[in-house]
Amino acid sequence: MREFRYEKATDPAGAVALLAGEPEGAYLGGGTNLVDLMRLGVATPDVLVDVRQLTSTEVEDLPDGGLRIGAAVPNADLAGERRVRERYPLLAQALLAGASGQLRNRATTGGNLLQRTRCTYFTDTTMPCNKREPGSGCGAVNGYHRNLAVLGATNEGADSSHTCIATHPSDMAVALRALDASVRVLGADGERSIPIAELHRLPGDDPSRDTTLAHGELITAIDVPALPWATRSRYRKVRDRASYAFALVSVAAAMDLQGDVVADVRIALGGVAHVPWRATVAEDLLRGGPATEAAFVAAAEAELAAADPLSDNAFKIPMATNMVTRTLVQLAEARA
Amino acid sequence: MTATTERAVGSDVRRIDGPAKVRGLAPYAFEHEVDGTAVFVALVQSTAAKGRITSIDTSAAQALTGVLAVLTHENAPRLGDVADEVVVLQSDRVQYVGEPVAAVVAETSEVARDAAARVVVTYDAQTPDVELRTDRDDLYAPEQLMAGFETDSVIGDVDAALAAAPVGVDITYETPNQHNNPIEMHATVARWDGDVLRMWDANQGPHNLVPVITEAFGITEDRLHIVSPYVGGAFGSKAYTHVHQLIAGMAAKVTGRTVKLELTRPQMFTLVGHRTPTIQRLRLGAELDGTLTAISHEVVEHTSQNAEFAEQTATATRLMYAAPARRTTHRLARLDVPAPTIMRAPGETPGMYALESAMDELAVVLGIDPVELRLRNEPDRDPERDVPFSTRNLVACLRQGAERFGWAGRDPRPGVREDGRWLVGTGVAAATYPTRRRPSAARIEAVPGKPYVVSIDASDIGTGAWTALTQIAADALRVPMDRVDLRIGDSRLPKASGAGGSTGITSWGPAIMAAAEQLADRDIPAGGLTVTGEAGPGDEAEQYSSHAFGAHFAEVRVDRDSGEVRVPRMTGVFAAGRIINSTTGRSQFLGGMTMGLSMALHEESVLDRTHGHYANHDLAEYHIAANADVGEMDISWIDEVDDLHNPLGAKGIGEIGIVGSAAAIGNAYWHATGRRVRDLPITPDKYFR
Ligand SMILES: Cc1cc2nc3c(=O)[nH]c(=O)nc-3n(C[C@H](O)[C@H](O)[C@H](O)COP(=O)(O)OP(=O)(O)OC[C@H]3O[C@@H](n4cnc5c(N)ncnc54)[C@H](O)[C@@H]3O)c2cc1C
Ligand code: SF4
């Protein structure tokens with residue numbers, strides 16, 4: 001572990017100013033991911049700017065009926081927040097499906113969005129990894145990749161500097177992706193708002209970059225727009241044990257059911273891609289169609305048709321197909 | 001010593017070390033402050049699995065303020081003639097990923113770790129060979145197995161009997177690499193006082209370490225003092241000396257300081273052993289009524305370049321069921337992996353998983369209830385050794401378990417029970433574990449008006465042995481427990497066997513009883529009286545076959561959409577001799593069954609074929625059962641006293657609980673889904689193949 005300086009600012013702008021002058025610095029949220037990576041030598045910041053108590057810890061109502069979640073709101077508080085549980089059950093469920101009680105107390109909303117992949121080659125500095133060390137190759141593609149991506153990954157072989165089949169590990173982000181949240185960001189040039197769809201990026205030709213944020217940009221809040229029919233929503237996570245494990249596959253879904261017709265639907269998948277994966281193919285097929293199991297299966301299969309699995313993660317295709325189907329069936333059967 | 005008190009043995013006594021532990025007052029190895037001036041050791045580990053070190057550059061590490069020494073093979077003290085697997089920092093050869101190639105000693109652990117990261121090592125590395133397969137042409141038969149078992153056993157013409165059997169199964173099972181992972185990571189605090197080496201160390205028996213450490217440092221036994229009062233779990237990984245203890249001794253010698261060395265969790269996956277993976281071919285032949293005519297159990301497993309660890313995987317098959325023709329074999333592949341070690345019920349755990357799965361599959365083919373099939377093949381003597389069992393109560397365990405679990409009337413058809421989206425099934429498996437005892441000595445100091453000081457170098461690795469031995473001592477001395485002051489975990493106490501092989505109580509208890517015997521009917525003079533006693537194996541091991549037995553029943557639910565597996569309830573019934581303490585005894589069974597559940601559903605260390613390392617080397621990726629995975633655990637035991645084996649009538653209870661429990665879950669998984677998963681663990685992905 002490299003020695004580092006610890007800094008605190010008095011306001012968000014001060015934190016941004018501090019980090020702007022520190023090309024190797026990083027913001028510190030709850031530290032539940034960053035400090036682990038520092039111990040492992042994967043992250044080597046020379047300065048930590050503590051933002052855990054700096055951005056808002058409040059959840060505020062937005063005029064349209066949505067919510068603004070401060071970046072410093074702990075995962076546990078957000079999961080327990082009444083307005084979240086009532087308006088966006090899938091978000092509360094996703095948060096509670098993640099990590100452990102202790103970690104959720106400590107972890108922040110901003111930090112959760114930016115947590116890094118759990119790929120074991122990424123977290124082991126003695127191994128090749130294009131994400132950690134661009135151009136070093138991908139250890140996972142010919143190695144242990146049972147829980148890595150089947151959608152949107154670049155897989156050109158272990159030696160290609162583009163290959164990365166990492167997954168984004170956050171549960172919360174999958175629900176936020178289904179809800180079309182946007183991320184408020186403060187940078188040296190002022191504030192901007194990024195649709196969550198544009199925050200996380202596919203590995204493409206630069207697996208080292210998880211997101212489109214520039215160095216020093218600070219997440220201040222997440223806006224979740226109103227979605228009245230999100231009361232009919234669920235988060236379903238499949239994992240290797242009953243609690244305290246990352247998703248093999250997860251599904252965040254909401255349905256606007258009008259009689260027997262799917263008037264509108266949102267589906268996002270976790271555990272399958274480098275980003276929280278929005279199942280737009282499936283959504284388009286379902287919208288305006290019948291709320292039947294056969295339609296759900298067809299939509300799920302169509303979404304997964306683009307999957308490009310390796311030897312040990314192909315199971316994610318039938319698993320994700322089943323979980324999308326089952327989640328939609330349950331939503332169609334549920335009383336909103 | 002005339003007043004007879006109530007018997008402490010058999011009663012439900014709380015852990016006497018519990019209050020100190022929950023208040024944080026029980027010092028574990030790393031917490032020993034010793035003299036407040038300790039310095040810290042961090043390890044540099046090989047990134048090559050096989051090859052030679054071509055250069056080590058320690059200059060950047062040495063330049064850091066606070067670094068006291070950097071030990072490498074070029075400058076480390078020479079060790080004596082110790083086994084290859086503990087030879088460390090002695091040459092440029094590397095034999096597994098993670099082998100220590102340098103050790104930094106620094107004033108703080110932070111500086112030590114930082115410096116370790118700055119040591120630059122280059123290798124002439126070769127491609128590692130870590131893949132266990134049955135078609136390898138280099139499989140070999142070891143001279144003998146662990147614990148002195150014969151490598152192979154053959155009775156009768158097995159192939160002919162198999163060919164002639166009206167019904168048979170021929171199935172291969174696989175169990176993965178697993179890591180012991182006690183909560184307390186291995187730690188050693190070491191200091192040289194002149195030519196005396198003192199160690200505060202986490203182990204399963206200080207005396208176990210004495211031969212290797214004295215040899216390594218060329219000292220006599222009286223110049224080594226190991227102190228280990230409290231140990232936070234071990235499961236076999238702390239039974240033997242490992243490289244970190246020798247590195248700590250070297251670092252203390254070179255710096256002249258008290259050094260602290262604690263392994264990190266990832267280091268637990270390379271430096272202190274693992275359970276070998278196994279590939280096991282089971283062939284059973286039977287008459288139509290279920291009578292077994294032939295049993296063949298062939299095992300392929302691995303060992304390392306630097307050790308021959310030959311796990312006794314098929315040995316339980318030698319005594320489990322009656323059959324005229326029988327064969328067991330063990331073959332090893334020597335791979336570029338760290339040395340395997342013992343892990344809770346080594347041999348029986350993987351072996352009985354395979355045998356008890358095969359018995360279930362045979363029951364299905366025969367159309368006979370799997371409990372009944374086992375009852376029909378109950379031997380009346382040890383079928384290979386042809387000696388009587390000292391006690392054998394498998395039948396009682398199966399019957400009592402079936403009763404408690406509600407087995408009667410079970411529909412044998414697989415894949416037909418649903419509860420919502422859950423597929424539901426039940427399964428059974430039997431268990432066995434050898435009963436053994438080892439030589440041990442104990443000392444009792446009696447002073448009028450004071451508690452008896454009972455000393456023995458026993459270990460309580462979290463099992464409750466401290467409490468159970470105090471109960472035994474109290475009864476032997478015929479005093480209440482508060483009149484006994486038991487001292488354990490110190491190499492200067494009378495020599496005792498280590499906490500392993502479920503032999504603690506059967507070895508240490510009789511030694512304490514023998515010492516107490518010396519005091520019987522003697523007046524204690526005002527100046528006090530010290531007596532010693534010894535106990536150990538007699539000819540019972542030749543005369544009898546002595547084993548604990550058990551039966552596991554499990555209910556399994558499998559989500560038909562996701563393949564997730566849940567075990568809402570298990571019943572375990574054990575015949576394990578006299579149970580000294582029902583609370584700590586139950587905990588041993590419970591812990592064993594839980595670890596078996598964890599083996600069935602979760603545990604697997606994944607070896608990377610290209611790099612030769614264990615890829616999932618932390619507890620976020622190497623899954624063990626969490627609380628939410630463990631359902632209702634119904635645990636009971638048969639009243640059994642095995643005084644043909646030892647004067648306490650006890651057997652060991654630390655390991656029997658894990659044996660067979662994975663098979664019961666696997667069998668229930670089949671009953672739920674109609675699919676057999678024959679390679680553990682049964683993770684959700686396997687539902688989709
Ligand atoms: C054992 C374990 C199990 C886990 N299981 C799960 C699970 O099942 N599901 C799941 O979703 N998660 C899981 N997690 C991950 C956990 O949710 C994340 O570690 C946590 O949400 C990160 O939040 P944090 O505030 O601690 O972030 P930090 O560790 O402080 O930071 C993470 C990253 O975000 C950056 N950052 C932090 N705040 C800001 C900000 N405001 N603006 C810009 N950048 C910022 C940091 O620089 C860093 O790069 C698990 C973690 C552990 C250790
Ligand atoms: S999958 Fe991505 S993160 Fe994992 S080793 Fe390959 S490049 Fe690195």
# chains A, B, ... in the order shown; residues from 1 in each chain; ligands from 1
call {"tool": "interface_residues", "arguments": {"of": "chain B", "to": "chain A", "cutoff": "6 Å", "atoms": "only C-alpha atoms", "output": "PyMOL selection string"}}
result
chain B and resi 114+561-562+608+628-629+685+688
call {"tool": "residues_near_ligand", "arguments": {"ligand": "ligand 1", "cutoff": "6 Å", "atoms": "only C-alpha atoms and all ligand atoms", "output": "number ranges by chain"}}
result
A: 26-34, 71, 98-99, 107-108, 110-112, 114-115, 169-172, 218-220, 244-246; B: 620
call {"tool": "residues_near_ligand", "arguments": {"ligand": "ligand 2", "cutoff": "10 Å", "atoms": "only C-alpha atoms and all ligand atoms", "output": "PyMOL selection string"}}
result
chain A and resi 116-124+127-145+148-149+153-155+157-168+203+206-208+274
call {"tool": "select_by_dssp", "arguments": {"residues": "segment 118-154 of chain A", "states": "strand (DSSP E or B)", "output": "ChimeraX atom specification"}}
result
/A:129,138,151,154
call {"tool": "write_last_selection", "arguments": {"atoms": "N, CA and C atoms", "output": "PDB file, in the first residue's frame"}}
result
ATOM      1  N   CYS A 129      -4.064  -7.757 -16.837  1.00  0.00           N
ATOM      2  CA  CYS A 129      -5.422  -7.204 -16.839  1.00  0.00           C
ATOM      3  C   CYS A 129      -5.405  -5.907 -17.623  1.00  0.00           C
ATOM      4  N   CYS A 138      -5.681  -9.949 -20.992  1.00  0.00           N
ATOM      5  CA  CYS A 138      -6.819 -10.236 -20.106  1.00  0.00           C
ATOM      6  C   CYS A 138      -6.627 -11.616 -19.496  1.00  0.00           C
ATOM      7  N   LEU A 151     -22.624 -10.017 -22.289  1.00  0.00           N
ATOM      8  CA  LEU A 151     -23.201  -9.022 -23.202  1.00  0.00           C
ATOM      9  C   LEU A 151     -22.284  -7.802 -23.283  1.00  0.00           C
ATOM     10  N   THR A 154     -15.892  -6.901 -24.941  1.00  0.00           N
ATOM     11  CA  THR A 154     -14.973  -7.111 -26.051  1.00  0.00           C
ATOM     12  C   THR A 154     -14.136  -8.322 -25.701  1.00  0.00           C
TER      13      THR A 154
END
call {"tool": "atom_distance", "arguments": {"atom1": "atom CA of Pro346 of chain B", "atom2": "atom CA of Ser304 of chain B"}}
result
16.3 Å
call {"tool": "closest_residue", "arguments": {"among": "B:Asp152, B:Glu99, B:Glu418, B:Glu542", "to": "Ala339 of chain B", "atoms": "only C-alpha atoms"}}
result
B:Glu99
call {"tool": "select_by_dssp", "arguments": {"residues": "segment 154-265 of chain B", "states": "alpha helix (DSSP H)", "output": "PyMOL selection string"}}
result
chain B and resi 158-164+206-217+243-255
call {"tool": "residues_around", "arguments": {"residues": "segment 72-82 of chain A", "least_positions_apart": "2", "cutoff": "9 Å", "atoms": "only C-alpha atoms", "output": "VMD selection string"}}
result
chain A and resid 29 to 30 51 to 59 69 to 70 84 to 87 91 to 96 101 to 112 172 220 to 221
call {"tool": "residues_around", "arguments": {"residues": "segment 665-680 of chain B", "least_positions_apart": "5", "cutoff": "9 Å", "atoms": "only C-alpha atoms", "output": "ChimeraX atom specification"}}
result
/B:171-176,279,353-354,356-357,360-361,412-418,422-429,552-558,560,565,567,570,596-597,599-604,660,686-687
call {"tool": "residues_around", "arguments": {"residues": "segment 262-268 of chain A", "least_positions_apart": "4", "cutoff": "8 Å", "atoms": "only C-alpha atoms", "output": "PyMOL selection string"}}
result
chain A and resi 174-175+177-179+251-258+276-280+282-283+286-291+324
call {"tool": "atom_distance", "arguments": {"atom1": "atom CA of His330 of chain B", "atom2": "atom CA of Arg283 of chain B"}}
result
14.7 Å
call {"tool": "residues_around", "arguments": {"residues": "segment 209-220 of chain B", "least_positions_apart": "2", "cutoff": "7 Å", "atoms": "only C-alpha atoms", "output": "ChimeraX atom specification"}}
result
/B:79-82,206-207,222-224,240-241,246
call {"tool": "write_last_selection", "arguments": {"atoms": "all heavy atoms", "output": "short mmCIF file (atom, residue, chain, number, x, y, z; two decimals), in the first residue's frame"}}
result
data_model
loop_
_atom_site.label_atom_id
_atom_site.label_comp_id
_atom_site.auth_asym_id
_atom_site.auth_seq_id
_atom_site.Cartn_x
_atom_site.Cartn_y
_atom_site.Cartn_z
N LEU B 79 18.77 -22.88 7.13
CA LEU B 79 17.95 -23.72 7.98
C LEU B 79 18.53 -25.13 8.02
O LEU B 79 19.20 -25.55 7.09
CB LEU B 79 16.52 -23.79 7.43
CG LEU B 79 15.74 -22.47 7.42
CD1 LEU B 79 14.41 -22.65 6.69
CD2 LEU B 79 15.50 -21.97 8.84
N GLY B 80 18.20 -25.85 9.07
CA GLY B 80 18.63 -27.24 9.20
C GLY B 80 17.89 -28.11 8.19
O GLY B 80 17.22 -27.63 7.27
N ASP B 81 18.00 -29.40 8.41
CA ASP B 81 17.50 -30.36 7.45
C ASP B 81 16.01 -30.61 7.69
O ASP B 81 15.63 -31.57 8.36
CB ASP B 81 18.31 -31.65 7.62
CG ASP B 81 17.92 -32.69 6.60
OD1 ASP B 81 17.30 -32.32 5.58
OD2 ASP B 81 18.22 -33.87 6.83
N VAL B 82 15.17 -29.74 7.15
CA VAL B 82 13.73 -29.89 7.35
C VAL B 82 13.07 -30.30 6.04
O VAL B 82 13.66 -30.21 4.98
CB VAL B 82 13.08 -28.58 7.88
CG1 VAL B 82 13.53 -28.31 9.30
CG2 VAL B 82 13.41 -27.40 6.97
N PRO B 206 1.32 -26.97 20.30
CA PRO B 206 2.72 -26.52 20.29
C PRO B 206 3.71 -27.65 20.10
O PRO B 206 4.67 -27.51 19.34
CB PRO B 206 2.86 -25.84 21.66
CG PRO B 206 1.49 -25.31 21.94
CD PRO B 206 0.55 -26.34 21.37
N HIS B 207 3.47 -28.78 20.74
CA HIS B 207 4.44 -29.87 20.60
C HIS B 207 4.54 -30.39 19.17
O HIS B 207 5.56 -30.94 18.78
CB HIS B 207 4.11 -31.03 21.56
CG HIS B 207 4.82 -30.89 22.87
ND1 HIS B 207 4.22 -30.35 23.98
CD2 HIS B 207 6.09 -31.20 23.24
CE1 HIS B 207 5.08 -30.34 24.97
NE2 HIS B 207 6.23 -30.85 24.56
N ASP B 222 14.72 -27.83 24.73
CA ASP B 222 14.59 -26.94 25.89
C ASP B 222 14.88 -25.49 25.52
O ASP B 222 14.68 -24.60 26.32
CB ASP B 222 15.53 -27.41 27.01
CG ASP B 222 16.96 -27.48 26.54
OD1 ASP B 222 17.19 -27.91 25.38
OD2 ASP B 222 17.87 -27.07 27.29
N ARG B 223 15.32 -25.27 24.27
CA ARG B 223 15.56 -23.89 23.86
C ARG B 223 14.48 -23.36 22.93
O ARG B 223 14.66 -22.33 22.30
CB ARG B 223 16.95 -23.78 23.22
CG ARG B 223 18.04 -23.84 24.29
CD ARG B 223 19.36 -24.30 23.74
NE ARG B 223 19.86 -23.39 22.74
CZ ARG B 223 20.79 -23.69 21.83
NH1 ARG B 223 21.30 -24.92 21.82
NH2 ARG B 223 21.18 -22.82 20.97
N LEU B 224 13.38 -24.06 22.90
CA LEU B 224 12.22 -23.58 22.12
C LEU B 224 11.02 -23.50 23.05
O LEU B 224 10.71 -24.47 23.75
CB LEU B 224 11.92 -24.54 20.96
CG LEU B 224 10.67 -24.19 20.14
CD1 LEU B 224 10.82 -22.85 19.44
CD2 LEU B 224 10.37 -25.29 19.12
N TYR B 240 0.45 -28.44 11.34
CA TYR B 240 1.88 -28.63 11.09
C TYR B 240 2.60 -27.29 11.01
O TYR B 240 1.98 -26.24 10.87
CB TYR B 240 2.08 -29.38 9.76
CG TYR B 240 1.36 -30.69 9.69
CD1 TYR B 240 0.40 -30.92 8.73
CD2 TYR B 240 1.62 -31.69 10.63
CE1 TYR B 240 -0.27 -32.14 8.67
CE2 TYR B 240 0.95 -32.90 10.57
CZ TYR B 240 0.01 -33.12 9.60
OH TYR B 240 -0.66 -34.32 9.54
N THR B 241 3.92 -27.36 11.06
CA THR B 241 4.72 -26.16 10.85
C THR B 241 4.61 -25.74 9.39
O THR B 241 4.64 -26.57 8.49
CB THR B 241 6.20 -26.47 11.16
OG1 THR B 241 6.26 -27.10 12.43
CG2 THR B 241 7.03 -25.20 11.16
N LEU B 246 8.90 -20.37 10.26
CA LEU B 246 10.36 -20.35 10.11
C LEU B 246 10.84 -18.97 9.68
O LEU B 246 11.90 -18.49 10.14
CB LEU B 246 10.79 -21.42 9.09
CG LEU B 246 10.38 -22.85 9.47
CD1 LEU B 246 11.02 -23.86 8.51
CD2 LEU B 246 10.75 -23.18 10.92
#
call {"tool": "atom_distance", "arguments": {"atom1": "atom CA of Asn616 of chain B", "atom2": "atom CA of Thr303 of chain B"}}
result
20.0 Å
call {"tool": "residues_around", "arguments": {"residues": "His242 of chain B", "least_positions_apart": "6", "cutoff": "7 Å", "atoms": "only C-alpha atoms", "output": "list of chain:residue names"}}
result
B:Val86, B:Leu271, B:Val272
call {"tool": "decode", "arguments": {"residues": "segment 500-596 of chain B", "atoms": "C-alpha atoms", "output": "CSV table (one decimal), in the first residue's frame"}}
result
chain,number,residue,atom,x,y,z
B,500,GLY,CA,-6.2,-33.2,15.1
B,501,GLY,CA,-7.8,-36.4,13.9
B,502,SER,CA,-10.5,-36.0,16.5
B,503,THR,CA,-8.1,-37.4,19.0
B,504,GLY,CA,-8.0,-34.6,21.5
B,505,ILE,CA,-10.4,-35.9,24.2
B,506,THR,CA,-9.5,-39.6,23.7
B,507,SER,CA,-5.8,-38.8,24.1
B,508,TRP,CA,-5.7,-36.0,26.7
B,509,GLY,CA,-8.6,-37.1,28.9
B,510,PRO,CA,-7.0,-40.4,29.8
B,511,ALA,CA,-3.7,-38.7,30.5
B,512,ILE,CA,-5.4,-36.4,33.0
B,513,MET,CA,-7.2,-39.4,34.5
B,514,ALA,CA,-3.9,-41.2,34.8
B,515,ALA,CA,-2.4,-38.3,36.7
B,516,ALA,CA,-5.4,-38.0,38.9
B,517,GLU,CA,-5.1,-41.7,39.6
B,518,GLN,CA,-1.7,-41.0,41.2
B,519,LEU,CA,-3.4,-38.8,43.7
B,520,ALA,CA,-6.1,-41.2,44.7
B,521,ASP,CA,-6.2,-41.9,48.4
B,522,ARG,CA,-3.0,-39.9,49.0
B,523,ASP,CA,-2.9,-37.2,51.6
B,524,ILE,CA,-1.6,-33.9,50.2
B,525,PRO,CA,1.2,-32.6,52.4
B,526,ALA,CA,1.2,-28.9,53.4
B,527,GLY,CA,3.9,-28.2,50.9
B,528,GLY,CA,1.9,-29.7,48.1
B,529,LEU,CA,2.3,-32.6,45.8
B,530,THR,CA,3.0,-32.9,42.1
B,531,VAL,CA,2.1,-36.0,40.1
B,532,THR,CA,2.2,-36.9,36.4
B,533,GLY,CA,0.4,-39.4,34.4
B,534,GLU,CA,0.6,-40.8,30.9
B,535,ALA,CA,-1.8,-42.5,28.6
B,536,GLY,CA,-1.7,-43.7,25.1
B,537,PRO,CA,-2.8,-46.4,22.7
B,538,GLY,CA,-2.8,-50.0,23.9
B,539,ASP,CA,-3.6,-53.0,21.8
B,540,GLU,CA,-7.2,-51.8,21.2
B,541,ALA,CA,-6.3,-50.7,17.7
B,542,GLU,CA,-5.2,-54.2,16.8
B,543,GLN,CA,-8.1,-56.0,18.5
B,544,TYR,CA,-10.9,-53.8,17.4
B,545,SER,CA,-12.1,-51.6,14.6
B,546,SER,CA,-13.1,-48.4,16.3
B,547,HIS,CA,-15.1,-45.7,14.5
B,548,ALA,CA,-17.7,-43.1,15.1
B,549,PHE,CA,-20.8,-43.3,12.9
B,550,GLY,CA,-23.5,-41.0,11.8
B,551,ALA,CA,-26.4,-40.4,9.5
B,552,HIS,CA,-27.4,-37.2,7.7
B,553,PHE,CA,-30.8,-36.3,6.3
B,554,ALA,CA,-31.3,-33.2,4.3
B,555,GLU,CA,-34.2,-31.4,2.6
B,556,VAL,CA,-33.2,-29.4,-0.4
B,557,ARG,CA,-35.0,-26.8,-2.4
B,558,VAL,CA,-34.0,-25.8,-5.9
B,559,ASP,CA,-35.4,-22.7,-7.6
B,560,ARG,CA,-36.5,-24.1,-11.0
B,561,ASP,CA,-35.8,-20.8,-12.7
B,562,SER,CA,-32.5,-19.8,-11.2
B,563,GLY,CA,-31.0,-23.1,-10.1
B,564,GLU,CA,-30.4,-21.6,-6.6
B,565,VAL,CA,-30.1,-24.3,-3.9
B,566,ARG,CA,-31.4,-23.9,-0.3
B,567,VAL,CA,-31.2,-26.4,2.5
B,568,PRO,CA,-34.1,-25.6,4.9
B,569,ARG,CA,-33.4,-28.4,7.3
B,570,MET,CA,-30.9,-31.1,8.1
B,571,THR,CA,-31.0,-33.9,10.7
B,572,GLY,CA,-27.8,-35.4,11.9
B,573,VAL,CA,-27.6,-38.3,14.3
B,574,PHE,CA,-24.2,-39.5,15.6
B,575,ALA,CA,-22.9,-42.4,17.5
B,576,ALA,CA,-19.6,-41.0,18.8
B,577,GLY,CA,-19.0,-42.5,22.2
B,578,ARG,CA,-19.5,-40.6,25.4
B,579,ILE,CA,-20.3,-36.9,24.8
B,580,ILE,CA,-18.4,-35.0,27.5
B,581,ASN,CA,-20.3,-31.7,27.1
B,582,SER,CA,-23.6,-31.5,25.4
B,583,THR,CA,-23.3,-27.8,24.4
B,584,THR,CA,-19.8,-27.9,23.0
B,585,GLY,CA,-20.4,-31.3,21.6
B,586,ARG,CA,-23.5,-30.2,19.7
B,587,SER,CA,-21.5,-27.3,18.4
B,588,GLN,CA,-18.9,-29.7,16.9
B,589,PHE,CA,-21.6,-31.6,15.1
B,590,LEU,CA,-23.3,-28.5,14.0
B,591,GLY,CA,-20.1,-26.9,12.7
B,592,GLY,CA,-19.2,-30.1,10.9
B,593,MET,CA,-22.6,-30.4,9.2
B,594,THR,CA,-22.4,-26.7,8.3
B,595,MET,CA,-19.0,-27.1,6.8
B,596,GLY,CA,-20.4,-30.1,4.8
